[in-house]
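Q: Sending over target09.csv (CSV, C-alpha atoms and all ligand atoms).
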chain,number,residue,atom,x,y,z
A,1,MET,CA,53.3,68.2,-38.4
A,2,ALA,CA,53.5,66.3,-41.7
A,3,PRO,CA,50.5,64.0,-42.2
A,4,ALA,CA,52.6,60.9,-42.1
A,5,ALA,CA,54.3,61.9,-38.8
A,6,ALA,CA,50.9,62.9,-37.3
A,7,ALA,CA,49.5,59.5,-38.3
A,8,ALA,CA,52.5,57.8,-36.7
A,9,VAL,CA,51.8,59.6,-33.4
A,10,ALA,CA,48.1,58.7,-33.6
A,11,ALA,CA,48.9,55.1,-34.4
A,12,HIS,CA,51.3,54.9,-31.5
A,13,ALA,CA,48.7,56.3,-29.1
A,14,THR,CA,46.2,53.7,-30.1
A,15,GLY,CA,48.6,50.8,-30.2
A,16,MET,CA,48.1,50.3,-34.0
A,17,SER,CA,51.1,49.6,-36.2
A,18,LEU,CA,51.9,51.9,-39.0
A,19,LYS,CA,53.8,51.0,-42.1
A,20,ILE,CA,55.4,53.7,-44.3
A,21,VAL,CA,55.2,52.8,-48.0
A,22,PRO,CA,58.5,54.4,-49.2
A,23,SER,CA,57.8,54.4,-52.9
A,24,LEU,CA,54.7,56.5,-52.5
A,25,GLY,CA,55.8,58.4,-49.4
A,26,LYS,CA,52.4,57.5,-48.0
A,27,SER,CA,51.5,55.5,-44.9
A,28,GLU,CA,49.0,52.8,-44.3
A,29,PHE,CA,47.6,51.2,-41.2
A,30,VAL,CA,48.4,47.6,-40.9
A,31,GLY,CA,45.4,47.4,-38.7
A,32,THR,CA,46.5,45.0,-36.0
A,33,HIS,CA,47.5,45.6,-32.5
A,34,VAL,CA,51.2,44.8,-32.1
A,35,ALA,CA,53.1,43.6,-29.1
A,36,GLN,CA,55.0,46.6,-27.9
A,37,SER,CA,58.5,46.5,-26.9
A,38,ALA,CA,59.3,46.9,-23.2
A,39,ALA,CA,60.7,50.3,-23.9
A,40,SER,CA,57.8,51.7,-25.8
A,41,ALA,CA,55.3,50.1,-23.4
A,42,ALA,CA,57.0,52.0,-20.6
A,43,ARG,CA,56.3,55.3,-22.4
A,44,VAL,CA,52.6,54.6,-22.9
A,45,VAL,CA,50.4,56.8,-20.8
A,46,PRO,CA,47.4,54.9,-19.5
A,47,ARG,CA,44.3,56.2,-21.3
A,48,ALA,CA,41.7,58.0,-19.3
A,49,ASN,CA,38.1,56.9,-19.8
A,50,LEU,CA,37.0,59.6,-22.2
A,51,SER,CA,33.5,58.4,-22.9
A,52,ALA,CA,31.5,61.7,-22.8
A,53,ARG,CA,27.7,61.1,-22.5
A,54,ALA,CA,24.9,63.5,-23.0
A,55,GLY,CA,27.1,66.6,-22.5
A,56,GLY,CA,26.1,67.3,-18.9
A,57,TYR,CA,22.4,67.4,-19.6
A,58,GLU,CA,21.7,63.9,-18.1
A,59,GLU,CA,19.2,64.9,-15.4
A,60,GLU,CA,17.4,67.3,-17.7
A,61,LEU,CA,17.1,64.7,-20.4
A,62,ARG,CA,15.7,62.2,-18.0
A,63,GLN,CA,13.1,64.7,-16.8
A,64,THR,CA,12.1,65.8,-20.3
A,65,ALA,CA,11.6,62.2,-21.4
A,66,LYS,CA,9.6,61.4,-18.3
A,67,THR,CA,7.4,64.5,-18.7
A,68,ILE,CA,6.6,63.5,-22.3
A,69,ALA,CA,6.0,59.9,-21.3
A,70,SER,CA,3.4,60.8,-18.6
A,71,THR,CA,0.3,58.8,-18.0
A,72,GLY,CA,-2.6,59.5,-20.3
A,73,ARG,CA,-0.6,61.7,-22.7
A,74,GLY,CA,1.2,61.4,-26.0
A,75,ILE,CA,2.7,63.5,-28.8
A,76,LEU,CA,1.1,65.5,-31.5
A,77,ALA,CA,3.3,65.2,-34.6
A,78,MET,CA,2.8,68.3,-36.6
A,79,ASP,CA,6.3,68.5,-38.2
A,80,GLU,CA,5.3,68.0,-41.8
A,81,SER,CA,8.0,69.6,-44.1
A,82,ASN,CA,6.7,72.5,-46.2
A,83,ALA,CA,6.3,70.2,-49.1
A,84,THR,CA,4.2,67.6,-47.1
A,85,CYS,CA,2.2,70.3,-45.4
A,86,GLY,CA,1.4,71.7,-48.9
A,87,LYS,CA,-0.1,68.3,-49.8
A,88,ARG,CA,-2.3,68.4,-46.7
A,89,LEU,CA,-3.4,72.0,-47.5
A,90,ALA,CA,-4.1,71.1,-51.1
A,91,SER,CA,-6.4,68.3,-50.0
A,92,ILE,CA,-8.7,71.1,-48.6
A,93,GLY,CA,-8.1,73.4,-51.5
A,94,LEU,CA,-5.6,75.8,-49.9
A,95,GLU,CA,-2.5,77.1,-51.4
A,96,ASN,CA,0.9,76.2,-49.8
A,97,THR,CA,1.8,79.6,-48.5
A,98,GLU,CA,3.5,80.5,-45.2
A,99,ALA,CA,0.4,82.3,-44.1
A,100,ASN,CA,-1.8,79.2,-44.6
A,101,ARG,CA,0.7,76.9,-42.9
A,102,GLN,CA,0.8,79.4,-39.9
A,103,ALA,CA,-3.0,79.5,-39.8
A,104,TYR,CA,-3.3,75.8,-39.6
A,105,ARG,CA,-0.5,75.4,-37.0
A,106,GLN,CA,-2.0,78.2,-34.9
A,107,LEU,CA,-5.3,76.3,-34.9
A,108,LEU,CA,-3.5,73.2,-33.6
A,109,VAL,CA,-1.4,74.7,-30.9
A,110,THR,CA,-4.1,77.0,-29.5
A,111,ALA,CA,-6.7,74.3,-29.1
A,112,PRO,CA,-8.1,74.8,-25.6
A,113,GLY,CA,-7.4,72.0,-23.2
A,114,LEU,CA,-5.0,70.2,-25.6
A,115,GLY,CA,-2.3,69.8,-22.9
A,116,GLN,CA,-4.4,67.5,-20.9
A,117,TYR,CA,-3.8,64.7,-23.5
A,118,ILE,CA,-0.8,66.0,-25.4
A,119,SER,CA,2.6,66.1,-23.6
A,120,GLY,CA,4.8,67.1,-26.6
A,121,ALA,CA,4.4,68.6,-30.1
A,122,ILE,CA,6.9,68.0,-32.9
A,123,LEU,CA,7.4,71.1,-35.0
A,124,PHE,CA,9.0,71.8,-38.4
A,125,GLU,CA,11.8,74.4,-38.2
A,126,GLU,CA,9.5,77.1,-39.7
A,127,THR,CA,6.9,76.5,-37.0
A,128,LEU,CA,9.4,76.6,-34.2
A,129,TYR,CA,10.0,80.3,-35.0
A,130,GLN,CA,6.4,81.3,-35.8
A,131,SER,CA,3.9,83.2,-33.6
A,132,THR,CA,0.2,83.5,-33.4
A,133,LEU,CA,-1.3,86.4,-35.4
A,134,ASP,CA,-1.4,88.5,-32.2
A,135,GLY,CA,2.3,87.9,-31.7
A,136,LYS,CA,2.7,85.1,-29.1
A,137,PRO,CA,5.5,82.7,-30.1
A,138,PHE,CA,4.1,79.2,-30.7
A,139,VAL,CA,6.7,77.9,-28.3
A,140,ASN,CA,5.2,79.9,-25.5
A,141,VAL,CA,1.7,78.9,-26.4
A,142,LEU,CA,2.7,75.3,-26.1
A,143,GLN,CA,4.6,75.8,-22.8
A,144,ASP,CA,1.5,77.5,-21.4
A,145,GLN,CA,-0.5,74.4,-22.3
A,146,ASN,CA,2.1,72.3,-20.5
A,147,ILE,CA,3.2,70.8,-23.8
A,148,VAL,CA,6.9,70.3,-24.5
A,149,PRO,CA,8.0,71.8,-27.9
A,150,GLY,CA,10.0,69.5,-30.1
A,151,ILE,CA,11.7,69.8,-33.5
A,152,LYS,CA,12.2,67.7,-36.6
A,153,VAL,CA,16.0,67.8,-37.2
A,154,ASP,CA,16.5,65.4,-40.1
A,155,LYS,CA,16.8,66.8,-43.6
A,156,GLY,CA,14.8,64.1,-45.3
A,157,LEU,CA,15.3,61.0,-47.4
A,158,VAL,CA,17.4,60.6,-50.5
A,159,PRO,CA,18.2,57.5,-52.6
A,160,LEU,CA,20.8,55.2,-51.1
A,161,ALA,CA,23.4,54.6,-53.8
A,162,GLY,CA,24.4,50.9,-54.0
A,163,SER,CA,21.1,49.7,-52.5
A,164,ASN,CA,18.0,48.0,-53.8
A,165,ASP,CA,16.2,51.3,-54.5
A,166,GLU,CA,16.2,52.2,-50.8
A,167,SER,CA,16.7,55.5,-49.0
A,168,TRP,CA,18.9,57.0,-46.4
A,169,CYS,CA,18.2,60.0,-44.2
A,170,GLN,CA,20.4,63.2,-44.4
A,171,GLY,CA,21.0,65.8,-41.7
A,172,LEU,CA,24.2,65.0,-39.7
A,173,ASP,CA,26.2,67.9,-41.1
A,174,GLY,CA,25.9,70.9,-38.8
A,175,LEU,CA,23.5,69.1,-36.6
A,176,SER,CA,25.1,70.0,-33.4
A,177,THR,CA,24.9,73.8,-34.2
A,178,ARG,CA,21.3,73.5,-35.2
A,179,CYS,CA,20.4,71.5,-32.1
A,180,ALA,CA,22.0,74.2,-29.9
A,181,GLU,CA,20.0,76.9,-31.7
A,182,TYR,CA,16.8,74.9,-31.4
A,183,TYR,CA,17.4,74.4,-27.6
A,184,LYS,CA,17.8,78.2,-27.3
A,185,GLN,CA,14.5,78.7,-29.1
A,186,GLY,CA,12.8,76.4,-26.5
A,187,ALA,CA,12.8,73.0,-28.1
A,188,ARG,CA,13.5,70.2,-25.6
A,189,PHE,CA,13.2,67.1,-27.8
A,190,ALA,CA,14.0,66.2,-31.4
A,191,LYS,CA,12.9,63.8,-34.1
A,192,TRP,CA,14.8,62.0,-36.8
A,193,ARG,CA,12.8,59.8,-39.1
A,194,THR,CA,14.4,57.3,-41.5
A,195,VAL,CA,12.6,54.5,-43.3
A,196,ILE,CA,13.0,50.9,-44.0
A,197,SER,CA,11.2,49.2,-46.9
A,198,ILE,CA,10.3,45.5,-46.6
A,199,PRO,CA,9.4,44.9,-50.3
A,200,ASN,CA,12.8,46.4,-51.3
A,201,GLY,CA,14.8,44.0,-49.1
A,202,PRO,CA,15.6,45.5,-46.7
A,203,SER,CA,19.3,45.3,-47.6
A,204,GLN,CA,21.9,45.1,-44.8
A,205,LEU,CA,23.3,48.3,-46.2
A,206,ALA,CA,20.0,50.1,-45.7
A,207,VAL,CA,19.5,48.8,-42.2
A,208,THR,CA,23.1,49.6,-41.1
A,209,GLU,CA,22.9,53.1,-42.6
A,210,ALA,CA,19.6,53.8,-41.0
A,211,ALA,CA,20.7,52.6,-37.6
A,212,TRP,CA,24.0,54.3,-37.6
A,213,GLY,CA,22.5,57.6,-38.7
A,214,LEU,CA,19.9,57.4,-35.9
A,215,ALA,CA,22.6,56.6,-33.3
A,216,ARG,CA,24.8,59.5,-34.3
A,217,TYR,CA,21.9,61.9,-34.3
A,218,ALA,CA,20.8,60.6,-30.9
A,219,ALA,CA,24.2,61.2,-29.4
A,220,VAL,CA,24.4,64.7,-30.9
A,221,ALA,CA,20.9,65.7,-29.8
A,222,GLN,CA,21.6,64.5,-26.2
A,223,ASP,CA,24.8,66.4,-26.2
A,224,ASN,CA,22.8,69.6,-26.8
A,225,GLY,CA,20.0,68.9,-24.3
A,226,LEU,CA,17.4,67.5,-26.7
A,227,VAL,CA,15.7,64.2,-26.0
A,228,PRO,CA,16.0,62.3,-29.3
A,229,ILE,CA,13.0,60.4,-30.7
A,230,VAL,CA,14.5,57.5,-32.5
A,231,GLU,CA,12.3,56.6,-35.5
A,232,PRO,CA,13.3,53.9,-37.9
A,233,GLU,CA,9.9,53.7,-39.7
A,234,ILE,CA,9.3,50.3,-41.2
A,235,LEU,CA,7.0,51.3,-44.0
A,236,LEU,CA,3.6,49.6,-44.3
A,237,ASP,CA,4.0,49.3,-48.1
A,238,GLY,CA,3.9,45.7,-49.3
A,239,GLU,CA,2.0,42.4,-49.3
A,240,HIS,CA,4.1,40.7,-46.6
A,241,THR,CA,2.7,38.9,-43.6
A,242,ILE,CA,2.8,40.1,-40.0
A,243,ASP,CA,5.4,37.4,-39.3
A,244,ARG,CA,7.7,39.0,-41.9
A,245,THR,CA,7.2,42.4,-40.4
A,246,LEU,CA,8.2,41.0,-37.0
A,247,GLU,CA,11.3,39.4,-38.4
A,248,VAL,CA,12.4,42.7,-40.1
A,249,ALA,CA,11.6,44.8,-37.1
A,250,GLU,CA,13.6,42.5,-34.8
A,251,HIS,CA,16.6,42.9,-37.0
A,252,VAL,CA,16.2,46.7,-37.4
A,253,TRP,CA,15.8,47.3,-33.7
A,254,ALA,CA,18.7,45.0,-32.7
A,255,THR,CA,20.9,47.0,-35.1
A,256,VAL,CA,19.6,50.4,-33.8
A,257,PHE,CA,20.3,49.4,-30.1
A,258,LYS,CA,23.7,48.1,-31.0
A,259,TYR,CA,24.7,51.4,-32.4
A,260,LEU,CA,22.9,53.5,-29.8
A,261,ALA,CA,25.0,51.7,-27.2
A,262,GLU,CA,28.2,52.1,-29.2
A,263,ASN,CA,27.6,55.8,-29.4
A,264,ASN,CA,27.1,56.1,-25.6
A,265,VAL,CA,23.5,57.3,-25.9
A,266,MET,CA,21.8,57.4,-22.5
A,267,PHE,CA,18.8,55.1,-22.8
A,268,GLU,CA,16.9,56.9,-20.0
A,269,GLY,CA,16.9,60.1,-22.1
A,270,ILE,CA,15.5,58.8,-25.4
A,271,LEU,CA,12.0,58.0,-26.8
A,272,LEU,CA,11.3,55.5,-29.5
A,273,LYS,CA,8.9,56.0,-32.4
A,274,PRO,CA,8.4,52.6,-33.9
A,275,SER,CA,5.9,51.3,-36.4
A,276,MET,CA,3.4,48.9,-35.0
A,277,VAL,CA,3.9,45.3,-36.2
A,278,THR,CA,1.2,44.7,-38.8
A,279,PRO,CA,0.8,42.9,-42.1
A,280,GLY,CA,1.8,45.0,-45.2
A,281,ALA,CA,-0.8,47.5,-46.3
A,282,GLU,CA,-1.5,45.4,-49.4
A,283,ALA,CA,-1.6,42.0,-47.7
A,284,LYS,CA,-4.8,40.0,-48.1
A,285,GLU,CA,-4.8,38.8,-44.5
A,286,ARG,CA,-5.6,41.6,-42.0
A,287,ALA,CA,-4.8,41.5,-38.3
A,288,THR,CA,-7.0,42.3,-35.4
A,289,PRO,CA,-6.0,44.9,-32.8
A,290,GLU,CA,-5.2,41.9,-30.4
A,291,GLU,CA,-2.9,40.3,-32.9
A,292,VAL,CA,-1.2,43.7,-33.6
A,293,ALA,CA,-0.7,44.1,-29.9
A,294,GLU,CA,0.6,40.6,-29.4
A,295,TYR,CA,3.2,40.9,-32.2
A,296,THR,CA,4.2,44.5,-31.3
A,297,LEU,CA,4.7,43.8,-27.6
A,298,LYS,CA,6.7,40.6,-28.5
A,299,LEU,CA,9.0,42.8,-30.6
A,300,LEU,CA,9.4,45.4,-27.8
A,301,ARG,CA,10.0,42.9,-25.0
A,302,ARG,CA,12.7,41.2,-27.1
A,303,ARG,CA,14.5,44.3,-28.2
A,304,VAL,CA,13.8,47.4,-25.9
A,305,PRO,CA,15.5,47.7,-22.5
A,306,PRO,CA,13.2,48.8,-19.7
A,307,SER,CA,15.4,51.8,-19.1
A,308,VAL,CA,13.8,53.4,-22.2
A,309,PRO,CA,11.0,55.6,-20.7
A,310,GLY,CA,8.6,55.8,-23.6
A,311,ILE,CA,7.4,54.1,-26.8
A,312,MET,CA,5.5,56.7,-28.9
A,313,PHE,CA,4.1,54.9,-31.9
A,314,LEU,CA,3.6,56.5,-35.4
A,315,SER,CA,0.3,55.8,-37.1
A,316,GLY,CA,1.9,55.1,-40.5
A,317,GLY,CA,-1.2,55.2,-42.6
A,318,GLN,CA,-3.7,53.4,-40.3
A,319,SER,CA,-7.1,55.1,-40.0
A,320,GLU,CA,-7.7,57.2,-36.9
A,321,VAL,CA,-9.8,54.6,-35.3
A,322,GLU,CA,-7.5,51.7,-36.1
A,323,ALA,CA,-4.5,53.5,-34.6
A,324,THR,CA,-6.5,54.1,-31.4
A,325,LEU,CA,-7.8,50.5,-31.2
A,326,ASN,CA,-4.3,49.1,-31.6
A,327,LEU,CA,-2.8,51.4,-29.0
A,328,ASN,CA,-5.6,50.5,-26.6
A,329,ALA,CA,-5.0,46.7,-27.2
A,330,MET,CA,-1.3,47.2,-26.2
A,331,ASN,CA,-2.2,48.8,-22.9
A,332,GLN,CA,-4.4,46.0,-21.6
A,333,SER,CA,-1.7,44.9,-19.1
A,334,PRO,CA,1.2,46.8,-17.6
A,335,ASN,CA,4.3,47.4,-19.7
A,336,PRO,CA,7.8,48.3,-18.6
A,337,TRP,CA,7.7,51.5,-20.7
A,338,HIS,CA,5.0,54.1,-21.3
A,339,VAL,CA,3.3,52.9,-24.4
A,340,SER,CA,1.7,55.8,-26.2
A,341,PHE,CA,1.2,57.7,-29.5
A,342,SER,CA,3.1,60.2,-31.6
A,343,TYR,CA,0.6,60.4,-34.4
A,344,ALA,CA,0.4,62.9,-37.3
A,345,ARG,CA,-2.1,61.5,-39.8
A,346,ALA,CA,-4.2,59.7,-37.2
A,347,LEU,CA,-4.6,62.9,-35.1
A,348,GLN,CA,-4.9,65.5,-37.8
A,349,ASN,CA,-7.0,64.0,-40.5
A,350,SER,CA,-10.5,64.8,-39.2
A,351,VAL,CA,-9.3,68.2,-37.9
A,352,LEU,CA,-8.0,69.3,-41.3
A,353,LYS,CA,-11.3,68.3,-43.0
A,354,MET,CA,-13.4,69.9,-40.4
A,355,TRP,CA,-11.5,73.2,-40.7
A,356,GLY,CA,-11.4,73.3,-44.5
A,357,GLY,CA,-9.5,76.6,-44.3
A,358,GLU,CA,-12.6,78.4,-43.0
A,359,PRO,CA,-12.1,80.6,-39.9
A,360,ALA,CA,-15.8,79.9,-39.0
A,361,ASN,CA,-14.9,76.2,-38.6
A,362,ALA,CA,-11.8,76.7,-36.4
A,363,ASP,CA,-13.6,76.1,-33.2
A,364,ALA,CA,-15.2,72.8,-34.3
A,365,ALA,CA,-11.8,71.7,-35.7
A,366,GLN,CA,-10.1,72.4,-32.5
A,367,LYS,CA,-12.7,70.4,-30.6
A,368,ALA,CA,-12.2,67.5,-33.0
A,369,LEU,CA,-8.5,67.6,-32.3
A,370,VAL,CA,-8.9,67.6,-28.5
A,371,TYR,CA,-11.5,64.8,-28.8
A,372,ARG,CA,-9.2,62.6,-30.9
A,373,ALA,CA,-6.3,63.3,-28.4
A,374,LYS,CA,-8.7,62.3,-25.6
A,375,LEU,CA,-9.6,59.0,-27.2
A,376,ASN,CA,-5.9,58.2,-27.6
A,377,SER,CA,-5.3,59.3,-24.0
A,378,LEU,CA,-7.9,56.7,-23.0
A,379,ALA,CA,-6.1,54.1,-25.3
A,380,GLN,CA,-2.8,54.9,-23.6
A,381,GLN,CA,-4.4,53.8,-20.4
A,382,GLY,CA,-6.2,50.8,-21.9
A,383,LYS,CA,-9.6,52.4,-21.3
A,384,TYR,CA,-10.8,53.2,-24.8
A,385,GLU,CA,-14.1,51.3,-25.4
A,386,GLY,CA,-14.8,52.3,-29.0
A,387,GLU,CA,-16.9,55.3,-27.9
A,388,GLY,CA,-19.4,54.6,-30.7
A,389,GLU,CA,-16.7,54.7,-33.4
A,390,THR,CA,-16.4,52.0,-36.0
A,391,GLY,CA,-13.2,50.4,-37.2
A,392,ALA,CA,-14.3,50.7,-40.9
A,393,GLN,CA,-12.8,54.2,-41.4
A,394,GLU,CA,-10.8,55.7,-44.3
A,395,SER,CA,-7.3,54.3,-44.4
A,396,LEU,CA,-4.7,57.1,-44.4
A,397,PHE,CA,-2.1,54.9,-46.2
A,398,VAL,CA,-0.1,56.5,-48.9
A,399,LYS,CA,2.4,54.4,-50.9
A,400,GLY,CA,6.0,55.5,-50.3
A,401,TYR,CA,4.9,58.2,-47.9
A,402,THR,CA,7.5,60.9,-47.2
A,403,TYR,CA,7.4,63.5,-44.4
B,1,LIG,P1,2.2,59.4,-39.0
B,1,LIG,O1,1.5,59.2,-37.7
B,1,LIG,O2,1.4,60.1,-40.0
B,1,LIG,O3,2.7,58.1,-39.5
B,1,LIG,O4,3.5,60.3,-38.7
B,1,LIG,C1,4.8,59.9,-38.8
B,1,LIG,C2,5.8,60.8,-38.3
B,1,LIG,O5,6.9,60.5,-38.3
B,1,LIG,C3,5.3,62.1,-37.7
B,1,LIG,O6,6.4,62.7,-37.0
Represent the supplied structure as structure tokens.
A:
Amino acid sequence: MAPAAAAAVAAHATGMSLKIVPSLGKSEFVGTHVAQSAASAARVVPRANLSARAGGYEEELRQTAKTIASTGRGILAMDESNATCGKRLASIGLENTEANRQAYRQLLVTAPGLGQYISGAILFEETLYQSTLDGKPFVNVLQDQNIVPGIKVDKGLVPLAGSNDESWCQGLDGLSTRCAEYYKQGARFAKWRTVISIPNGPSQLAVTEAAWGLARYAAVAQDNGLVPIVEPEILLDGEHTIDRTLEVAEHVWATVFKYLAENNVMFEGILLKPSMVTPGAEAKERATPEEVAEYTLKLLRRRVPPSVPGIMFLSGGQSEVEATLNLNAMNQSPNPWHVSFSYARALQNSVLKMWGGEPANADAAQKALVYRAKLNSLAQQGKYEGEGETGAQESLFVKGYTY
């Protein structure tokens, strides 16, 4: 069918009016619904409700999300891209080779007893297809530890043209095919991280783009059986107050939920990965864990429906102890959702240092990982009492951090 004729048929079906521009032989939508004549109205076939949701995986998605959001457990984020993993390895004097990345990830996933505190592990694509040196696929190692394997599916951040030096997140092209392949390989949840910068605005363009991208990704992931982690990271960078962070976070999450709903995403089958509401990393006034908890819970109560099973916070550059203290403060009274962690830096920092690339240190490094996971497990239940740790710990904040 000629394009103009096809457009006319489509316009008729949707009740839009179509105007042919004779001089150009092109058509353009007038864009308003027109009153149809009695004759054409009689020909209109009533439209079926075609809203397809979660591609038939509804029950499985609910179950996966519930398993990950189970009492006393959280997520180990170990999905650093090769470039970011290279920076971590460089910090302990190791080269960024596949063998070194494999060795480090093997150390993490094989830590004995990890599954008691960790319900899910987010992997980078390379790791999803790797095995231990004696040939056991990492996916099976995780499953045997009762840990659900997950996969980072976004393709990273690039400059957002037309914005105030902000970014947008790529990865929608071919996403459905990739998700189907990851599911076959054993992944059951996915992660897409985009960022919002407070000092750079944020512009409405950046917020809309971030929220729309997250919603499209979430719909596609659910359609392929993967529980989407929805992560609009509001970066810590800046000198702003905690009140300003709350204001931006409310706007961002309102936009994210608007588009999640418009895209028919099933809220029972998603997990959120928000930033905690804190002052900017360079702000003079710091906030106590109680203040962070008060502001963050205010945000969540105002914006997140109780049908969402789990809120799995990122650490965003907080020190290990700070991230645990803040999580603990948020779990001092019951919440409608499972409030837990999905930390990368705040779970891995001591582990990496302890290991230092030396096989002889692997055992101690694994113990450090399980210990940190245990403290966050206590915090998930509101039972962390400091355990002799001090809050004055090395900050893990990196300006303009990418993943
Ligand atoms: P951090 O806990 O280091 O902020 O990790 C963020 C993240 O998105 C990991 O998946």
Q: Select the residues contacting ligand LIG 1 (chain B) at a distance of at most 7 Å, based on all atoms listed in the file, then format the selection as a count of residues only.
A: 15
Q: Pick the closest to Ser319 of chain A from A:Ser350, A:Thr296, A:Ser203, A:Asn335: which is it, counting only C-alpha atoms?
A: A:Ser350
Q: Could you list, as a PyMOL selection string, every residue within 8 Å of segment 310-313 of chain A, counting only C-alpha atoms and ignoring same-chain residues fewer than 2 positions away?
A: chain A and resi 65-66+69+74-75+270-276+308+315+337-343
Q: Counting only C-alpha atoms, what is within 12 Å of Thr177 of chain A, bar same-chain residues fewer than 3 positions away, as an mmCIF file with C-alpha atoms, keeping the file's coordinate frame?
A:
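Wrote result24.cif, looks like this:
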data_model
loop_
_atom_site.group_PDB
_atom_site.id
_atom_site.type_symbol
_atom_site.label_atom_id
_atom_site.label_comp_id
_atom_site.auth_asym_id
_atom_site.auth_seq_id
_atom_site.Cartn_x
_atom_site.Cartn_y
_atom_site.Cartn_z
ATOM 1 C CA VAL A 153 16.000 67.800 -37.200
ATOM 2 C CA GLY A 171 21.000 65.800 -41.700
ATOM 3 C CA LEU A 172 24.200 65.000 -39.700
ATOM 4 C CA ASP A 173 26.200 67.900 -41.100
ATOM 5 C CA GLY A 174 25.900 70.900 -38.800
ATOM 6 C CA ALA A 180 22.000 74.200 -29.900
ATOM 7 C CA GLU A 181 20.000 76.900 -31.700
ATOM 8 C CA TYR A 182 16.800 74.900 -31.400
ATOM 9 C CA TYR A 183 17.400 74.400 -27.600
ATOM 10 C CA LYS A 184 17.800 78.200 -27.300
ATOM 11 C CA VAL A 220 24.400 64.700 -30.900
ATOM 12 C CA ALA A 221 20.900 65.700 -29.800
ATOM 13 C CA ASP A 223 24.800 66.400 -26.200
ATOM 14 C CA ASN A 224 22.800 69.600 -26.800
#
Q: With all atoms listed in the file as the counted atoms, please give the residues lying no more than 7 Å from segment 198-202 of chain A, apart from itself and same-chain residues fewer than 3 positions off, as a PDB file with C-alpha atoms, in the frame of the given file.
A:
ATOM      1  CA  ASN A 164      18.000  48.000 -53.800  1.00  0.00           C
ATOM      2  CA  ASP A 165      16.200  51.300 -54.500  1.00  0.00           C
ATOM      3  CA  GLU A 166      16.200  52.200 -50.800  1.00  0.00           C
ATOM      4  CA  ALA A 206      20.000  50.100 -45.700  1.00  0.00           C
ATOM      5  CA  VAL A 207      19.500  48.800 -42.200  1.00  0.00           C
ATOM      6  CA  GLY A 238       3.900  45.700 -49.300  1.00  0.00           C
TER       7      GLY A 238
END
Q: Residues near Val351 of chain A, anyone? I mean within 7 Å using all atoms listed in the file, not counting same-chain ones fewer than 6 positions away, as a CSV table (one decimal) with C-alpha atoms, keeping the file's coordinate frame.
A:
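Saved the output as result36.csv:
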chain,number,residue,atom,x,y,z
A,365,ALA,CA,-11.8,71.7,-35.7
A,366,GLN,CA,-10.1,72.4,-32.5
A,368,ALA,CA,-12.2,67.5,-33.0
A,369,LEU,CA,-8.5,67.6,-32.3
